[in-house]
file run-v7.txt (compact mmCIF, C-alpha atoms)
# COMPACT_ATOMS: atom_id res chain seq x y z
CA MET A 1004 100.95 131.44 118.66
CA PRO A 1005 102.03 128.63 116.35
CA ALA A 1006 99.90 125.56 115.73
CA VAL A 1007 101.07 121.97 115.32
CA ARG A 1008 99.55 119.40 112.94
CA ARG A 1009 100.46 116.12 111.23
CA TYR A 1010 102.57 116.23 108.10
CA VAL A 1011 100.86 115.14 104.87
CA PRO A 1012 102.58 114.46 101.52
CA ALA A 1013 101.11 117.68 100.05
CA ASP A 1014 103.37 119.56 102.50
CA ALA A 1015 106.58 118.21 100.93
CA ASP A 1016 107.57 121.33 98.98
CA ALA A 1017 106.82 123.68 101.87
CA TRP A 1018 108.65 121.30 104.24
CA ASP A 1019 111.77 121.36 102.07
CA ALA A 1020 111.58 125.14 101.75
CA LEU A 1021 111.56 125.43 105.55
CA VAL A 1022 114.55 123.07 105.85
CA GLU A 1023 116.41 125.16 103.26
CA ARG A 1024 115.97 128.39 105.25
CA SER A 1025 116.13 126.78 108.71
CA ARG A 1026 118.65 127.40 111.45
CA ASN A 1027 119.53 123.74 111.96
CA GLY A 1028 118.28 121.60 109.09
CA ASN A 1029 120.20 120.06 106.21
CA LEU A 1030 120.09 117.39 103.52
CA LEU A 1031 119.09 114.65 105.99
CA HIS A 1032 115.85 116.46 106.76
CA ARG A 1033 114.68 116.92 103.16
CA ARG A 1034 111.67 114.77 102.30
CA GLY A 1035 113.49 113.32 99.29
CA TYR A 1036 116.16 111.99 101.63
CA MET A 1037 113.89 110.89 104.49
CA ASP A 1038 111.40 109.14 102.25
CA TYR A 1039 113.85 106.90 100.37
CA HIS A 1040 113.24 104.31 103.09
CA ALA A 1041 109.65 105.26 103.90
CA ASP A 1042 108.60 101.62 103.69
CA ARG A 1043 110.59 100.85 106.86
CA PHE A 1044 108.93 103.46 109.07
CA VAL A 1045 105.46 104.67 110.01
CA ASP A 1046 105.82 108.40 109.52
CA CYS A 1047 104.30 110.67 112.17
CA SER A 1048 106.14 113.89 111.38
CA LEU A 1049 104.69 117.23 112.42
CA VAL A 1050 104.64 120.70 110.88
CA VAL A 1051 104.42 123.93 112.86
CA GLU A 1052 102.49 126.80 111.29
CA GLN A 1053 102.26 130.45 112.22
CA HIS A 1054 100.18 132.99 110.29
CA GLY A 1055 99.55 130.35 107.63
CA ARG A 1056 103.25 129.61 107.02
CA ILE A 1057 105.38 126.66 108.12
CA VAL A 1058 107.94 127.89 110.68
CA ALA A 1059 109.28 124.53 111.90
CA VAL A 1060 109.07 120.80 111.17
CA PHE A 1061 109.60 117.70 113.28
CA PRO A 1062 110.76 114.55 111.41
CA ALA A 1063 109.47 111.51 113.29
CA ASP A 1064 108.23 107.93 113.08
CA ILE A 1065 106.21 105.83 115.49
CA ARG A 1066 106.45 102.19 116.54
CA ASP A 1067 104.96 100.43 119.56
CA LYS A 1068 103.89 103.67 121.27
CA LEU A 1069 107.39 105.11 120.82
CA VAL A 1070 107.99 108.21 118.70
CA THR A 1071 111.56 108.72 117.41
CA SER A 1072 112.99 111.77 115.72
CA HIS A 1073 113.69 110.04 113.28
CA GLY A 1074 114.49 106.31 113.32
CA GLY A 1075 116.13 106.51 109.89
CA LEU A 1076 118.24 109.62 110.59
CA THR A 1077 121.39 110.21 112.61
CA TYR A 1078 119.83 113.30 114.19
CA ALA A 1079 116.72 115.42 113.67
CA GLY A 1080 114.74 117.11 116.44
CA LEU A 1081 112.77 120.28 115.83
CA ILE A 1082 114.00 121.94 112.62
CA SER A 1083 113.17 125.60 113.03
CA GLY A 1084 113.24 128.82 111.05
CA GLN A 1085 114.12 132.28 112.32
CA ALA A 1086 110.47 133.08 113.11
CA LEU A 1087 110.23 130.48 115.91
CA ARG A 1088 111.37 132.03 119.19
CA ALA A 1089 111.77 130.75 122.74
CA ASP A 1090 108.25 131.28 124.10
CA ALA A 1091 106.74 129.85 120.93
CA THR A 1092 109.04 126.82 121.11
CA LEU A 1093 107.78 126.00 124.59
CA ALA A 1094 104.21 126.20 123.32
CA VAL A 1095 105.09 123.99 120.34
CA PHE A 1096 106.53 121.30 122.60
CA GLY A 1097 103.34 121.25 124.62
CA GLN A 1098 101.30 120.81 121.44
CA MET A 1099 103.68 118.10 120.19
CA ALA A 1100 103.10 116.16 123.40
CA ASP A 1101 99.32 116.47 122.98
CA ALA A 1102 99.49 115.35 119.34
CA TYR A 1103 101.46 112.23 120.15
CA ARG A 1104 99.40 111.34 123.21
CA ALA A 1105 96.38 111.39 120.89
CA LEU A 1106 98.15 108.75 118.76
CA GLY A 1107 98.69 106.57 121.84
CA ALA A 1108 102.40 107.30 122.16
CA GLN A 1109 103.94 107.08 125.61
CA ARG A 1110 107.40 108.56 125.03
CA ILE A 1111 109.59 110.34 122.49
CA VAL A 1112 113.23 109.61 121.70
CA TYR A 1113 114.63 112.98 120.67
CA LYS A 1114 117.91 113.00 118.71
CA ALA A 1115 119.03 116.63 118.83
CA VAL A 1116 120.93 118.24 115.95
CA PRO A 1117 124.56 118.81 117.13
CA HIS A 1118 125.48 122.49 117.23
CA VAL A 1119 128.12 122.31 114.48
CA PHE A 1120 125.33 121.56 112.01
CA HIS A 1121 123.47 124.75 112.95
CA ALA A 1122 123.56 127.65 110.50
CA TYR A 1123 122.38 129.92 113.33
CA PRO A 1124 121.91 129.23 117.07
CA ALA A 1125 118.93 126.90 117.54
CA GLU A 1126 118.94 125.30 120.99
CA GLU A 1127 115.58 126.47 122.29
CA ASP A 1128 114.53 122.84 121.87
CA LEU A 1129 117.05 121.68 124.48
CA TYR A 1130 115.62 124.12 127.00
CA ALA A 1131 112.10 123.02 126.14
CA LEU A 1132 113.06 119.36 126.61
CA GLN A 1133 114.30 120.12 130.12
CA ARG A 1134 111.07 121.95 130.89
CA MET A 1135 109.05 118.99 129.63
CA GLY A 1136 110.86 116.53 131.90
CA ALA A 1137 113.03 114.86 129.27
CA ARG A 1138 116.34 113.36 130.32
CA LEU A 1139 119.60 112.72 128.51
CA THR A 1140 119.84 108.96 127.90
CA ARG A 1141 122.61 108.62 125.33
CA ARG A 1142 125.69 110.60 124.31
CA ASP A 1143 127.91 109.63 121.38
CA LEU A 1144 131.28 111.19 120.59
CA SER A 1145 131.87 112.46 117.07
CA SER A 1146 135.03 114.02 115.59
CA VAL A 1147 135.12 117.31 113.69
CA ILE A 1148 137.80 119.58 112.22
CA ALA A 1149 137.13 123.31 112.53
CA LEU A 1150 138.51 124.17 109.10
CA GLN A 1151 138.72 127.94 109.62
CA GLU A 1152 140.64 127.61 112.88
CA PRO A 1153 144.28 126.53 113.31
CA PHE A 1154 144.66 122.74 113.13
CA GLN A 1155 147.32 120.35 111.91
CA PHE A 1156 147.90 116.74 110.95
CA THR A 1157 150.27 114.79 113.16
CA GLU A 1158 153.76 114.25 111.72
CA PRO A 1159 153.14 110.51 111.08
CA ARG A 1160 149.98 111.47 109.16
CA ARG A 1161 151.90 114.03 107.09
CA ARG A 1162 154.51 111.40 106.28
CA ALA A 1163 151.76 109.00 105.21
CA VAL A 1164 150.31 111.62 102.86
CA ARG A 1165 153.75 112.31 101.33
CA LYS A 1166 154.34 108.57 100.90
CA ALA A 1167 151.01 108.15 99.08
CA GLY A 1168 151.77 111.15 96.88
CA ARG A 1169 154.97 109.50 95.67
CA ALA A 1170 153.11 106.29 94.83
CA GLY A 1171 151.36 107.75 91.79
CA ILE A 1172 147.87 107.85 93.32
CA SER A 1173 145.36 110.16 91.66
CA LEU A 1174 142.11 111.58 93.03
CA HIS A 1175 138.82 111.55 91.15
CA VAL A 1176 135.11 112.18 91.61
CA GLY A 1177 133.37 108.84 91.14
CA THR A 1178 130.54 108.53 88.62
CA ASP A 1179 129.00 105.32 89.97
CA PRO A 1180 129.19 103.93 93.53
CA ALA A 1181 129.21 100.23 92.55
CA SER A 1182 132.95 99.60 92.99
CA PHE A 1183 133.10 101.65 96.16
CA HIS A 1184 130.05 99.94 97.66
CA ALA A 1185 131.59 96.53 96.96
CA LEU A 1186 134.83 97.61 98.66
CA LEU A 1187 132.93 99.12 101.60
CA SER A 1188 130.87 95.95 102.02
CA GLU A 1189 134.02 93.82 102.00
CA VAL A 1190 135.69 96.00 104.64
CA LEU A 1191 132.64 96.07 106.90
CA ARG A 1192 132.07 92.33 106.54
CA GLN A 1193 135.30 91.82 108.46
CA HIS A 1194 133.58 93.54 111.39
CA HIS A 1195 130.35 91.55 110.89
CA VAL A 1196 128.34 94.58 109.76
CA ALA A 1197 127.01 95.89 106.44
CA PRO A 1198 126.57 99.38 104.95
CA THR A 1199 123.43 101.18 106.08
CA HIS A 1200 122.57 101.88 102.43
CA SER A 1201 122.31 99.28 99.71
CA LEU A 1202 123.89 100.01 96.34
CA GLN A 1203 120.44 100.70 94.89
CA GLU A 1204 119.69 103.18 97.69
CA LEU A 1205 123.00 104.98 97.17
CA ARG A 1206 122.29 105.30 93.48
CA LEU A 1207 118.81 106.61 94.21
CA LEU A 1208 120.06 109.20 96.70
CA GLN A 1209 122.88 110.34 94.43
CA ALA A 1210 120.38 110.76 91.60
CA ARG A 1211 118.17 112.89 93.84
CA PHE A 1212 121.03 114.93 95.32
CA PRO A 1213 123.92 114.79 92.82
CA ARG A 1214 125.58 117.97 94.12
CA GLN A 1215 125.32 117.05 97.78
CA ILE A 1216 126.16 113.33 97.81
CA VAL A 1217 129.54 112.99 96.15
CA LEU A 1218 131.89 110.03 95.87
CA HIS A 1219 135.62 110.82 95.95
CA GLU A 1220 138.06 108.09 94.93
CA ALA A 1221 141.80 107.43 95.14
CA ARG A 1222 143.03 105.25 92.28
CA ARG A 1223 146.32 104.04 90.85
CA GLU A 1224 146.42 102.85 87.26
CA GLY A 1225 142.62 102.76 87.31
CA VAL A 1226 142.39 100.49 90.38
CA LEU A 1227 140.26 101.74 93.27
CA LEU A 1228 142.41 101.98 96.40
CA ALA A 1229 140.19 104.08 98.70
CA GLY A 1230 136.99 106.07 98.67
CA ALA A 1231 135.02 108.62 100.67
CA LEU A 1232 131.31 109.21 100.22
CA ILE A 1233 130.77 112.82 101.21
CA TYR A 1234 127.55 114.49 102.28
CA ASP A 1235 128.02 118.14 101.34
CA LEU A 1236 125.78 119.99 103.78
CA GLY A 1237 127.01 123.46 102.89
CA ARG A 1238 128.93 124.91 105.80
CA VAL A 1239 129.69 121.34 106.96
CA VAL A 1240 130.89 118.34 104.97
CA HIS A 1241 130.44 114.88 106.44
CA THR A 1242 132.18 111.59 105.61
CA GLN A 1243 129.22 109.23 105.41
CA TYR A 1244 131.43 106.29 104.41
CA LEU A 1245 135.20 105.71 104.21
CA ALA A 1246 136.90 102.56 102.94
CA ALA A 1247 140.33 101.42 101.74
CA ALA A 1248 141.43 98.26 99.95
CA GLU A 1249 144.34 96.22 101.28
CA GLU A 1250 146.71 97.78 98.73
CA GLY A 1251 145.26 101.18 99.56
CA ARG A 1252 146.05 100.67 103.22
CA ARG A 1253 149.61 99.70 102.36
CA LEU A 1254 150.04 102.88 100.33
CA ASP A 1255 148.08 105.15 102.76
CA ALA A 1256 145.69 106.03 99.94
CA LEU A 1257 142.87 107.03 102.31
CA SER A 1258 145.12 109.50 104.14
CA PHE A 1259 146.08 110.99 100.76
CA LEU A 1260 142.42 111.26 99.75
CA LEU A 1261 141.33 112.85 103.05
CA ALA A 1262 144.22 115.30 102.94
CA GLY A 1263 143.02 116.43 99.52
CA LEU A 1264 139.43 116.85 100.71
CA ILE A 1265 140.39 118.67 103.91
CA GLY A 1266 143.15 120.84 102.51
CA SER A 1267 141.78 121.66 99.08
CA THR A 1268 138.34 120.49 97.90
CA TYR A 1269 136.44 121.55 101.03
CA ALA A 1270 138.97 123.89 102.64
CA ASP A 1271 136.57 126.86 102.48
CA ARG A 1272 133.91 125.15 104.62
CA ARG A 1273 133.35 125.64 108.33
CA TYR A 1274 133.61 122.06 109.57
CA PHE A 1275 134.75 118.66 108.31
CA SER A 1276 132.86 115.89 110.13
CA PHE A 1277 134.14 112.32 110.51
CA GLY A 1278 131.15 110.98 112.46
CA ILE A 1279 130.91 109.05 115.71
CA SER A 1280 133.47 106.67 117.21
CA THR A 1281 131.31 105.19 119.96
CA GLU A 1282 129.62 101.81 120.23
CA GLN A 1283 127.00 100.08 122.39
CA ALA A 1284 124.71 103.13 122.61
CA GLY A 1285 127.62 105.44 123.40
CA ALA A 1286 128.92 103.41 126.33
CA VAL A 1287 132.13 102.30 124.60
CA LEU A 1288 134.69 104.50 122.84
CA ASN A 1289 136.47 102.89 119.89
CA SER A 1290 139.88 104.27 120.78
CA GLY A 1291 141.58 103.17 117.57
CA LEU A 1292 138.92 104.77 115.39
CA VAL A 1293 138.80 108.09 117.22
CA THR A 1294 142.61 108.27 117.27
CA GLN A 1295 142.74 107.94 113.48
CA LYS A 1296 140.45 110.96 113.18
CA GLU A 1297 142.42 112.94 115.74
CA TYR A 1298 145.58 112.39 113.65
CA PHE A 1299 144.00 114.75 111.09
CA GLY A 1300 143.34 117.43 113.71
CA ALA A 1301 139.73 116.48 114.52
CA ARG A 1302 138.37 116.90 118.04
CA GLY A 1303 135.20 115.87 119.81
CA ILE A 1304 131.61 117.03 119.74
CA VAL A 1305 128.65 115.11 121.15
CA HIS A 1306 125.49 113.71 119.62
CA ASP A 1307 122.86 113.77 122.37
CA CYS A 1308 119.72 111.68 122.64
CA TYR A 1309 116.90 112.43 125.09
CA GLU A 1310 113.94 110.42 126.31
CA TRP A 1311 110.78 112.46 126.80
CA PRO A 1312 107.99 110.68 128.71
CA LEU A 1313 104.48 111.67 127.70

call {"tool": "encode", "arguments": {"input": "run-v7.txt", "output": "structure tokens"}}
result
Amino acid sequence: MPAVRRYVPADADAWDALVERSRNGNLLHRRGYMDYHADRFVDCSLVVEQHGRIVAVFPADIRDKLVTSHGGLTYAGLISGQALRADATLAVFGQMADAYRALGAQRIVYKAVPHVFHAYPAEEDLYALQRMGARLTRRDLSSVIALQEPFQFTEPRRRAVRKAGRAGISLHVGTDPASFHALLSEVLRQHHVAPTHSLQELRLLQARFPRQIVLHEARREGVLLAGALIYDLGRVVHTQYLAAAEEGRRLDALSFLLAGLIGSTYADRRYFSFGISTEQAGAVLNSGLVTQKEYFGARGIVHDCYEWPL
């Protein structure tokens, strides 16, 4: 049977190798991504070993007797390889509970990886959570296009794309996120929020993952009109940030940019993810935001969060 122990920095390479071959892990679960903000969290991640080899990992932090998987990530949960099967997963969850009780933890907030991000079915953890007495406490609605299935933009969205195409807008891959980050910050400031990542953090992450974190820009005569920071997760691409300047909104530059990404740049992928459109811990749906995504043919999946008492 597998054995569970605390993660130590010497495990980093083996951790990343497991994520690379896992059924449900991606860029977010690489140590180079998780650890960019390590100063904000007390790491209490676990590794699962079987026959001397890591077969699963559990990204997590701890604060005030609460373990979260992981406080700095949109979703995490148990990231598992092909070798970890159902019976073993149940045993692992029992050992995880023991490990965290020994640290004084009283409960775990478990943010499961949504199924569209799975490379291969990997929901043994959801069954194990039910067996352990966990309960669903939060559900957010995200929007995704299934790129290999029939989908279509609405007619108003197609008109917007044609309008932008006539305006002389060109699409580029950005080389530095400074201008985009300034635009994003200005847009979000109107809603009294700020980007999750600072400019310095974006530069750091792009330097670590230049092929997976890519900035796409729409410009006219060199002026930035709209941008999309893409997380290229392989079979799935995710829009981490989207922003348009006032002139870009007038010209529908963001629609033009997204149409290019969906219909050309990433057309061979499985899914195109726009992210969640819910607020107040999932209790409120931002109807305007989700409608904009649905105009491109996106439809809903859920991001589920469980509370597991120890």

call {"tool": "closest_atom_pairs", "arguments": {"input": "run-v7.txt", "of": "range 1187-1272 of chain A", "to": "range 1145-1164 of chain A", "cutoff": "10 Å", "atoms": "all atoms listed in the file", "output": "CSV"}}
result
residue,atom,partner,partner_atom,distance
A:Val1239,CA,A:Ala1149,CA,9.5
A:Val1240,CA,A:Val1147,CA,9.7
A:His1241,CA,A:Val1147,CA,9.0
A:Arg1253,CA,A:Ala1163,CA,10.0
A:Leu1254,CA,A:Ala1163,CA,8.0
A:Asp1255,CA,A:Ala1163,CA,5.9
A:Ala1256,CA,A:Val1164,CA,7.8
A:Leu1257,CA,A:Val1164,CA,8.8
A:Ser1258,CA,A:Val1164,CA,5.8
A:Phe1259,CA,A:Val1164,CA,4.8
A:Leu1260,CA,A:Val1164,CA,8.5
A:Leu1261,CA,A:Val1164,CA,9.1
A:Ala1262,CA,A:Val1164,CA,7.1
A:Gly1263,CA,A:Val1164,CA,9.4
A:Ile1265,CA,A:Leu1150,CA,7.8
A:Gly1266,CA,A:Leu1150,CA,8.7
A:Tyr1269,CA,A:Leu1150,CA,8.7
A:Ala1270,CA,A:Leu1150,CA,6.5
A:Asp1271,CA,A:Leu1150,CA,7.4
A:Arg1272,CA,A:Leu1150,CA,6.5

call {"tool": "atom_distance", "arguments": {"input": "run-v7.txt", "atom1": "CA of Ala1301 in chain A", "atom2": "CA of Val1226 in chain A"}}
result
29.1 Å

call {"tool": "residues_around", "arguments": {"input": "run-v7.txt", "residues": "Gln1283 in chain A", "least_positions_apart": "4", "cutoff": "12 Å", "atoms": "all atoms listed in the file", "output": "VMD selection string"}}
result
chain A and resid 1141 to 1143 1279 1287 to 1289

call {"tool": "write_last_selection", "arguments": {"input": "run-v7.txt", "atoms": "C-alpha atoms", "output": "mmCIF file, in the frame of the given file"}}
result
data_model
loop_
_atom_site.group_PDB
_atom_site.id
_atom_site.type_symbol
_atom_site.label_atom_id
_atom_site.label_comp_id
_atom_site.auth_asym_id
_atom_site.auth_seq_id
_atom_site.Cartn_x
_atom_site.Cartn_y
_atom_site.Cartn_z
ATOM 1 C CA ARG A 1141 122.610 108.620 125.330
ATOM 2 C CA ARG A 1142 125.690 110.600 124.310
ATOM 3 C CA ASP A 1143 127.910 109.630 121.380
ATOM 4 C CA ILE A 1279 130.910 109.050 115.710
ATOM 5 C CA VAL A 1287 132.130 102.300 124.600
ATOM 6 C CA LEU A 1288 134.690 104.500 122.840
ATOM 7 C CA ASN A 1289 136.470 102.890 119.890
#

call {"tool": "residues_around", "arguments": {"input": "run-v7.txt", "residues": "range 1135-1139 of chain A", "least_positions_apart": "2", "cutoff": "8 Å", "atoms": "only C-alpha atoms", "output": "list in words"}}
result
Phe1096, Gly1097, Ala1131, Leu1132, Gln1133, Arg1141, Arg1142, Asp1307, Cys1308, Tyr1309, Glu1310, Trp1311 and Pro1312 of chain A

call {"tool": "write_last_selection", "arguments": {"input": "run-v7.txt", "atoms": "C-alpha atoms", "output": "compact mmCIF listing (two decimals), keeping the file's coordinate frame"}}
result
# COMPACT_ATOMS: atom_id res chain seq x y z
CA PHE A 1096 106.53 121.30 122.60
CA GLY A 1097 103.34 121.25 124.62
CA ALA A 1131 112.10 123.02 126.14
CA LEU A 1132 113.06 119.36 126.61
CA GLN A 1133 114.30 120.12 130.12
CA ARG A 1141 122.61 108.62 125.33
CA ARG A 1142 125.69 110.60 124.31
CA ASP A 1307 122.86 113.77 122.37
CA CYS A 1308 119.72 111.68 122.64
CA TYR A 1309 116.90 112.43 125.09
CA GLU A 1310 113.94 110.42 126.31
CA TRP A 1311 110.78 112.46 126.80
CA PRO A 1312 107.99 110.68 128.71

call {"tool": "residues_near_point", "arguments": {"input": "run-v7.txt", "point": "(127.4, 119.7, 104.2)", "cutoff": "12 Å", "atoms": "all atoms listed in the file", "output": "JSON list (two decimals) with C-alpha atoms, in the frame of the given file"}}
result
[["chain", "number", "residue", "atom", "x", "y", "z"],
["A", 1027, "ASN", "CA", 119.53, 123.74, 111.96],
["A", 1028, "GLY", "CA", 118.28, 121.60, 109.09],
["A", 1029, "ASN", "CA", 120.20, 120.06, 106.21],
["A", 1030, "LEU", "CA", 120.09, 117.39, 103.52],
["A", 1031, "LEU", "CA", 119.09, 114.65, 105.99],
["A", 1119, "VAL", "CA", 128.12, 122.31, 114.48],
["A", 1120, "PHE", "CA", 125.33, 121.56, 112.01],
["A", 1121, "HIS", "CA", 123.47, 124.75, 112.95],
["A", 1122, "ALA", "CA", 123.56, 127.65, 110.50],
["A", 1212, "PHE", "CA", 121.03, 114.93, 95.32],
["A", 1214, "ARG", "CA", 125.58, 117.97, 94.12],
["A", 1215, "GLN", "CA", 125.32, 117.05, 97.78],
["A", 1216, "ILE", "CA", 126.16, 113.33, 97.81],
["A", 1217, "VAL", "CA", 129.54, 112.99, 96.15],
["A", 1232, "LEU", "CA", 131.31, 109.21, 100.22],
["A", 1233, "ILE", "CA", 130.77, 112.82, 101.21],
["A", 1234, "TYR", "CA", 127.55, 114.49, 102.28],
["A", 1235, "ASP", "CA", 128.02, 118.14, 101.34],
["A", 1236, "LEU", "CA", 125.78, 119.99, 103.78],
["A", 1237, "GLY", "CA", 127.01, 123.46, 102.89],
["A", 1238, "ARG", "CA", 128.93, 124.91, 105.80],
["A", 1239, "VAL", "CA", 129.69, 121.34, 106.96],
["A", 1240, "VAL", "CA", 130.89, 118.34, 104.97],
["A", 1241, "HIS", "CA", 130.44, 114.88, 106.44],
["A", 1242, "THR", "CA", 132.18, 111.59, 105.61],
["A", 1243, "GLN", "CA", 129.22, 109.23, 105.41],
["A", 1269, "TYR", "CA", 136.44, 121.55, 101.03],
["A", 1271, "ASP", "CA", 136.57, 126.86, 102.48],
["A", 1272, "ARG", "CA", 133.91, 125.15, 104.62],
["A", 1273, "ARG", "CA", 133.35, 125.64, 108.33],
["A", 1274, "TYR", "CA", 133.61, 122.06, 109.57],
["A", 1275, "PHE", "CA", 134.75, 118.66, 108.31],
["A", 1276, "SER", "CA", 132.86, 115.89, 110.13],
["A", 1277, "PHE", "CA", 134.14, 112.32, 110.51]]

call {"tool": "closest_atom_pairs", "arguments": {"input": "run-v7.txt", "of": "range 1115-1216 of chain A", "to": "range 1070-1090 of chain A", "cutoff": "6 Å", "atoms": "all atoms listed in the file", "output": "CSV"}}
result
residue,atom,partner,partner_atom,distance
A:Ala1115,CA,A:Gly1080,CA,4.9
A:Val1116,CA,A:Tyr1078,CA,5.4
A:Glu1127,CA,A:Ala1089,CA,5.7

call {"tool": "residues_near_point", "arguments": {"input": "run-v7.txt", "point": "(155.6, 105.2, 93.7)", "cutoff": "12 Å", "atoms": "all atoms listed in the file", "output": "JSON, numbers by chain"}}
result
{"A": [1165, 1166, 1167, 1168, 1169, 1170, 1171, 1172, 1173, 1223, 1224, 1253, 1254, 1255, 1256]}

call {"tool": "atom_distance", "arguments": {"input": "run-v7.txt", "atom1": "CA of Asp1042 in chain A", "atom2": "CA of His1184 in chain A"}}
result
22.3 Å

call {"tool": "closest_residue", "arguments": {"input": "run-v7.txt", "among": "A:Tyr1123, A:Gly1278, A:Lys1114, A:Arg1024", "to": "Thr1140 in chain A", "atoms": "all atoms listed in the file"}}
result
A:Lys1114

call {"tool": "closest_residue", "arguments": {"input": "run-v7.txt", "among": "A:Ala1221, A:Leu1186, A:Leu1208, A:Ala1100", "to": "Tyr1244 in chain A", "atoms": "all atoms listed in the file"}}
result
A:Leu1186

call {"tool": "closest_residue", "arguments": {"input": "run-v7.txt", "among": "A:His1040, A:Arg1066, A:Arg1134, A:Arg1056", "to": "Ser1201 in chain A", "atoms": "all atoms listed in the file"}}
result
A:His1040

call {"tool": "closest_residue", "arguments": {"input": "run-v7.txt", "among": "A:Gln1109, A:Gln1295, A:Gln1203, A:Thr1281", "to": "Leu1313 in chain A", "atoms": "all atoms listed in the file"}}
result
A:Gln1109

call {"tool": "decode", "arguments": {"input": "run-v7.txt", "residues": "range 1293-1308 of chain A", "atoms": "C-alpha atoms", "output": "compact mmCIF listing (two decimals), in the first residue's frame"}}
result
# COMPACT_ATOMS: atom_id res chain seq x y z
CA VAL A 1293 -21.10 34.75 -18.10
CA THR A 1294 -23.22 35.96 -21.03
CA GLN A 1295 -20.17 37.46 -22.71
CA LYS A 1296 -18.46 34.07 -22.56
CA GLU A 1297 -21.55 32.26 -23.80
CA TYR A 1298 -21.57 34.53 -26.87
CA PHE A 1299 -18.42 32.68 -27.97
CA GLY A 1300 -20.07 29.27 -27.54
CA ALA A 1301 -18.82 28.54 -24.01
CA ARG A 1302 -20.99 26.59 -21.57
CA GLY A 1303 -20.78 25.80 -17.88
CA ILE A 1304 -18.68 23.49 -15.76
CA VAL A 1305 -18.35 23.67 -11.98
CA HIS A 1306 -15.43 24.22 -9.64
CA ASP A 1307 -16.28 22.37 -6.43
CA CYS A 1308 -14.91 22.98 -2.96
